[in-house]
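Worksheet: the structure to be examined is printed underneath.
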Amino acid sequence: MAETGAQPDHGVEFCTLGMFILDDIEFGGTRPSVKNVLGGAASFAVVGARLVAGKEHSQSVSWIVDVGSDFPSDVLSTIKSWDTACVIREDPGRLTTRAWNGYGANEKRDFKYLTPKLRLEPSMLSDDQVFSRTFHMVCSAGRCISIVEDILHRREELQREGKAPPGDSAQRPIFVWEPVPDLCTPEEQETFFAANKVVDVVSPNELELGLMFGQPGWNEESQFGKDIVGRILDSGIGPDQKGHLVIRAGKDGSYAYSRTQRIWLPAYHQPDTAGAAAVVDPTGAGNSFLGALAQGMVTMGRIPAIVVESILGESKFFQEALKASVELDGILQALIFATVAASFVVEQIGVPQMTTSTDGKERWNGIEFTERVRLYTQRLYRTLEESPTKHFRVN
């Protein structure tokens, strides 16, 4: 198997262990089916992280793409145009991993592989990737625990051998875990709680969270919804119990909980406004949300973060909330980036289109990421002034 790809000239900030997949998508008769779509959890998570990183820090986003004998050349060109630290592994003796996605009512997705999958393991990561500041995983609870343990073990070994990169390589990375949908079952609850203790963010969607506890879905207003959040937080998220439960709720936005606060952010494209027409296909939006969330948690002080801070800094309620919860600043910023990243992904089938203007500015679907961050944060600011506790609650 041949490997190609540039190594980052500075530290890796985001690395996904999701797989690259070529998708066939069927929409339940509502529109024509499509094939050969650039997809998989890896592609969409990378798009999310890449949006946040921007052109200046594109090489901080790293991943692995397995290229089979049938890999479309136009897809490879798209990947290379993002200028990420992508490791391309070519194997002409196998087919590229392909999958079928079928959508039904309420965005329920059915999924199956059409060719043998090639799962990524921590042992496949380069030394640079192992020292990433954040990791994104889509897997079972048991495999989540194993991945975290293996990555931390490899980091310790490389440190002992003097092979760690310069900087604070001893600092624990941020692990963002997306439970695999078909294993969100009551039988997995015990392992689910165990996995939560080794990650910093656990993020099922509202349907998956409900199924994990024997219900058809999750709703914050129901007693069941409140009880489940309480059980998860009481059990503990993260080794220091300061982690976050982030529930992705599609058109209803996202809910983030920790032991110190609760945050609700609406989706960028609102279902009851003209923005609803912009939503074409939700495939990959959750992956991109979490890729952007992970990258956003290590993007303090850069332009997107400065945009958010300059707008919300005018909110008295937000400033009071910050005093009560030091965790709020970083997670809120990351959630805003995640919400905006997902908005780009739902606007077409497959990944958003990146272009560069004559003055060198990078645009996705015709607009700069930071401009959409500004628009969304301004909207958030207005609703904060009208109904602050609708969005934030500090415990």
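Ordered as shown in the structure tokens, chains take letters A, B, and onward, while each chain numbers its residues from 1 and ligands are numbered from 1 in the order shown.
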Return as CSV the residues of region 272-352 of chain A lying at most 12 Å from region 103-123 of chain A, together with the closest atom-to-atom pair for each and the distance in Å to one decimal, counting only C-alpha atoms, with rows in chain order and ascending residue number.
```
residue,atom,partner,partner_atom,distance
A:Val279,CA,A:Glu107,CA,11.9
A:Val280,CA,A:Glu107,CA,11.6
A:Asp281,CA,A:Glu107,CA,9.3
A:Pro282,CA,A:Glu107,CA,7.6
A:Thr283,CA,A:Arg109,CA,8.7
A:Gly284,CA,A:Arg109,CA,11.1
A:Ala285,CA,A:Glu107,CA,11.6
A:Gly286,CA,A:Glu107,CA,12.0
```
Mind checking which residues fall within 10 Å of region 356-360 of chain A, counting only C-alpha atoms, ignoring those fewer than 6 positions away in the same chain, and posting them as a ChimeraX atom specification?
/A:55,366,368
Residue neighbourhood region 337-351 of chain A, 7 Å, only C-alpha atoms, exclusion window fewer than 5 positions, as a PyMOL selection string:
chain A and resi 37-39+44+48+51-52+267-269+278-282+284-286+288-290+292-293+296+372-373
Please dump the current selection as a short mmCIF file (atom, residue, chain, number, x, y, z; two decimals), in the first residue's frame; keep N, CA, C and O atoms.
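And here's out-v6.cif as it stands now:
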```cif
data_model
loop_
_atom_site.label_atom_id
_atom_site.label_comp_id
_atom_site.auth_asym_id
_atom_site.auth_seq_id
_atom_site.Cartn_x
_atom_site.Cartn_y
_atom_site.Cartn_z
N VAL A 37 -20.78 9.96 -4.33
CA VAL A 37 -20.67 11.23 -3.61
C VAL A 37 -19.53 11.14 -2.59
O VAL A 37 -19.45 10.17 -1.83
N LEU A 38 -18.66 12.14 -2.59
CA LEU A 38 -17.58 12.21 -1.61
C LEU A 38 -18.21 12.28 -0.23
O LEU A 38 -18.97 13.20 0.07
N GLY A 39 -17.93 11.28 0.61
CA GLY A 39 -18.62 11.23 1.90
C GLY A 39 -17.88 10.43 2.94
O GLY A 39 -16.66 10.29 2.91
N PHE A 44 -16.64 14.54 5.98
CA PHE A 44 -17.48 15.62 6.50
C PHE A 44 -16.90 16.22 7.78
O PHE A 44 -16.99 17.43 8.00
N GLY A 48 -15.74 20.21 8.32
CA GLY A 48 -16.07 21.05 9.47
C GLY A 48 -14.83 21.67 10.10
O GLY A 48 -14.78 22.88 10.35
N LEU A 51 -13.21 24.28 7.71
CA LEU A 51 -13.91 25.56 7.70
C LEU A 51 -13.42 26.45 8.84
O LEU A 51 -13.18 27.64 8.66
N VAL A 52 -13.29 25.86 10.02
CA VAL A 52 -12.87 26.62 11.19
C VAL A 52 -11.40 27.00 11.10
O VAL A 52 -11.01 28.13 11.42
N ALA A 267 -30.48 25.99 14.92
CA ALA A 267 -29.80 25.72 13.65
C ALA A 267 -29.66 27.03 12.87
O ALA A 267 -30.44 27.97 13.06
N TYR A 268 -28.66 27.09 12.00
CA TYR A 268 -28.47 28.30 11.19
C TYR A 268 -29.66 28.52 10.26
O TYR A 268 -30.21 29.61 10.18
N HIS A 269 -30.04 27.47 9.53
CA HIS A 269 -31.20 27.55 8.64
C HIS A 269 -32.45 27.19 9.43
O HIS A 269 -32.64 26.04 9.82
N ALA A 278 -32.93 26.42 1.84
CA ALA A 278 -31.51 26.17 1.60
C ALA A 278 -31.11 24.75 1.96
O ALA A 278 -30.05 24.28 1.55
N VAL A 279 -31.94 24.06 2.73
CA VAL A 279 -31.60 22.71 3.18
C VAL A 279 -31.95 21.70 2.10
O VAL A 279 -33.11 21.51 1.75
N VAL A 280 -30.91 21.05 1.57
CA VAL A 280 -31.08 20.10 0.48
C VAL A 280 -30.89 18.67 0.96
O VAL A 280 -31.69 17.78 0.65
N ASP A 281 -29.81 18.42 1.73
CA ASP A 281 -29.48 17.05 2.15
C ASP A 281 -28.73 17.10 3.48
O ASP A 281 -27.67 17.71 3.56
N PRO A 282 -29.25 16.44 4.52
CA PRO A 282 -28.59 16.49 5.84
C PRO A 282 -27.41 15.53 5.98
O PRO A 282 -26.74 15.54 7.01
N GLY A 284 -24.09 13.97 6.49
CA GLY A 284 -22.79 14.47 6.89
C GLY A 284 -22.81 15.70 7.77
O GLY A 284 -21.76 16.12 8.28
N ALA A 285 -23.98 16.30 7.97
CA ALA A 285 -24.04 17.54 8.76
C ALA A 285 -23.59 17.30 10.20
O ALA A 285 -22.89 18.13 10.79
N GLY A 286 -23.97 16.16 10.77
CA GLY A 286 -23.56 15.85 12.13
C GLY A 286 -22.06 15.65 12.26
O GLY A 286 -21.44 16.11 13.22
N SER A 288 -19.76 17.00 10.27
CA SER A 288 -19.13 18.32 10.11
C SER A 288 -19.31 19.17 11.36
O SER A 288 -18.41 19.92 11.75
N PHE A 289 -20.47 19.06 11.97
CA PHE A 289 -20.72 19.77 13.23
C PHE A 289 -19.64 19.41 14.25
O PHE A 289 -19.05 20.28 14.89
N LEU A 290 -19.34 18.12 14.37
CA LEU A 290 -18.38 17.69 15.39
C LEU A 290 -16.94 17.96 14.99
O LEU A 290 -16.09 18.21 15.84
N ALA A 292 -16.03 20.60 13.30
CA ALA A 292 -15.89 22.03 13.61
C ALA A 292 -15.86 22.26 15.11
O ALA A 292 -15.12 23.14 15.60
N LEU A 293 -16.63 21.49 15.86
CA LEU A 293 -16.64 21.63 17.32
C LEU A 293 -15.25 21.33 17.88
O LEU A 293 -14.71 22.08 18.71
N GLY A 296 -12.84 23.98 16.85
CA GLY A 296 -13.20 25.21 17.52
C GLY A 296 -12.75 25.28 18.96
O GLY A 296 -12.56 26.38 19.51
N ARG A 372 -20.38 34.16 7.76
CA ARG A 372 -21.57 33.46 8.26
C ARG A 372 -21.53 33.33 9.78
O ARG A 372 -22.56 33.40 10.43
N VAL A 373 -20.33 33.18 10.34
CA VAL A 373 -20.19 33.19 11.80
C VAL A 373 -20.67 34.53 12.36
O VAL A 373 -21.39 34.60 13.37
#
```
Computed interatomic separation between CA of Glu156 (chain A) and CA of Ala170 (chain A) (Å)
8.2 Å
For the helix (DSSP H, G or I) assignment from backbone DSSP, which residues of region 237-321 of chain A qualify? Please present them as a PyMOL selection string.
chain A and resi 250-252+274-278+285-296+303-312+316-321
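Coordinates place CA of Gly210 (chain A) at a distance of 16.4 Å from CA of Gly253 (chain A).
Ranking A:Asp127, A:Ser77, A:Ser69, A:Leu209 by their shortest atom-to-atom distance to Gly162 (chain A), with only C-alpha atoms included, puts A:Asp127 first.
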Contacts of Leu332 (chain A) at 8 Å or less, counting only C-alpha atoms, minus same-chain residues fewer than 4 places along, as a ChimeraX atom specification?
/A:263,328,336
Extract, using only C-alpha atoms, all DNA, RNA and protein residues at most 9 Å from region 228-234 of chain A, discarding same-chain residues fewer than 5 positions from it, and format them as a ChimeraX atom specification.
/A:193,196,209-210,213,218,220,223,241,243-245,257-259
Can you pull out every residue from region 144-382 of chain A that DSSP, working from the backbone, puts in strand (DSSP E or B), and format the result as a PyMOL selection string?
chain A and resi 174-179+201-202+205+244-248+254-257+261-265+354-356+362-364+367
Any idea what the distance is between CA of Asp227 (chain A) and CA of Cys139 (chain A)?
24.8 Å
Region 297-311 of chain A: which residues within 7 Å, counting only C-alpha atoms, same-chain residues fewer than 6 positions away excluded, as a ChimeraX atom specification?
/A:330-331,333-334,370,374,377-378
Would you output that residue set with N, CA and C atoms, as a PDB file, in the first residue's frame?
```pdb
ATOM      1  N   GLY A 330     -15.167  28.731  25.813  1.00  0.00           N
ATOM      2  CA  GLY A 330     -14.636  27.837  24.792  1.00  0.00           C
ATOM      3  C   GLY A 330     -15.686  26.971  24.138  1.00  0.00           C
ATOM      4  N   ILE A 331     -16.596  26.397  24.927  1.00  0.00           N
ATOM      5  CA  ILE A 331     -17.589  25.488  24.350  1.00  0.00           C
ATOM      6  C   ILE A 331     -18.620  26.268  23.535  1.00  0.00           C
ATOM      7  N   GLN A 333     -18.160  29.112  21.843  1.00  0.00           N
ATOM      8  CA  GLN A 333     -17.484  29.454  20.596  1.00  0.00           C
ATOM      9  C   GLN A 333     -17.463  28.251  19.655  1.00  0.00           C
ATOM     10  N   ALA A 334     -17.093  27.092  20.181  1.00  0.00           N
ATOM     11  CA  ALA A 334     -17.016  25.884  19.365  1.00  0.00           C
ATOM     12  C   ALA A 334     -18.385  25.481  18.836  1.00  0.00           C
ATOM     13  N   THR A 370     -16.191  33.013   8.065  1.00  0.00           N
ATOM     14  CA  THR A 370     -16.241  34.005   9.140  1.00  0.00           C
ATOM     15  C   THR A 370     -17.404  34.975   8.964  1.00  0.00           C
ATOM     16  N   ARG A 374     -20.294  35.622  11.684  1.00  0.00           N
ATOM     17  CA  ARG A 374     -20.712  36.957  12.125  1.00  0.00           C
ATOM     18  C   ARG A 374     -22.232  37.095  12.071  1.00  0.00           C
ATOM     19  N   THR A 377     -23.826  34.939  14.864  1.00  0.00           N
ATOM     20  CA  THR A 377     -23.580  35.461  16.203  1.00  0.00           C
ATOM     21  C   THR A 377     -24.382  36.731  16.454  1.00  0.00           C
ATOM     22  N   GLN A 378     -24.558  37.551  15.443  1.00  0.00           N
ATOM     23  CA  GLN A 378     -25.405  38.732  15.588  1.00  0.00           C
ATOM     24  C   GLN A 378     -26.855  38.342  15.869  1.00  0.00           C
TER      25      GLN A 378
END
```
With a distance cut-off of 9 Å and only C-alpha atoms, select the neighbouring residues of Val176 (chain A), excluding the residue or stretch itself and same-chain residues fewer than 3 positions from it, and output the selection as a VMD selection string.
chain A and resid 134 to 138 199 to 203 290 to 291 293 to 294
Could you write those residues out with N, CA and C atoms, as a compact mmCIF listing (two decimals), in the first residue's frame?
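So selection_14.txt came out as:
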```txt
# COMPACT_ATOMS: atom_id res chain seq x y z
N THR A 134 -6.73 17.49 19.04
CA THR A 134 -8.09 16.96 19.16
C THR A 134 -8.24 15.73 18.28
N PHE A 135 -9.16 14.84 18.69
CA PHE A 135 -9.48 13.64 17.92
C PHE A 135 -10.99 13.50 17.80
N HIS A 136 -11.43 13.07 16.62
CA HIS A 136 -12.84 12.81 16.35
C HIS A 136 -12.99 11.32 16.05
N MET A 137 -13.99 10.70 16.69
CA MET A 137 -14.21 9.25 16.51
C MET A 137 -15.69 8.98 16.27
N VAL A 138 -15.98 8.05 15.37
CA VAL A 138 -17.33 7.54 15.16
C VAL A 138 -17.24 6.03 15.33
N VAL A 199 -13.79 10.42 27.38
CA VAL A 199 -13.84 11.43 26.32
C VAL A 199 -14.21 12.78 26.92
N ASP A 200 -14.02 13.83 26.12
CA ASP A 200 -14.34 15.18 26.57
C ASP A 200 -15.69 15.65 26.06
N VAL A 201 -16.10 15.12 24.92
CA VAL A 201 -17.42 15.42 24.36
C VAL A 201 -18.02 14.12 23.85
N VAL A 202 -19.25 13.84 24.27
CA VAL A 202 -20.00 12.71 23.70
C VAL A 202 -21.20 13.32 22.99
N SER A 203 -21.45 12.91 21.73
CA SER A 203 -22.48 13.59 20.96
C SER A 203 -23.32 12.64 20.11
N LEU A 290 -19.34 18.12 14.37
CA LEU A 290 -18.38 17.69 15.39
C LEU A 290 -16.94 17.96 14.99
N GLY A 291 -16.64 17.91 13.70
CA GLY A 291 -15.30 18.30 13.25
C GLY A 291 -15.03 19.76 13.57
N LEU A 293 -16.63 21.49 15.86
CA LEU A 293 -16.64 21.63 17.32
C LEU A 293 -15.25 21.33 17.88
N ALA A 294 -14.65 20.23 17.44
CA ALA A 294 -13.32 19.86 17.93
C ALA A 294 -12.30 20.93 17.59
```
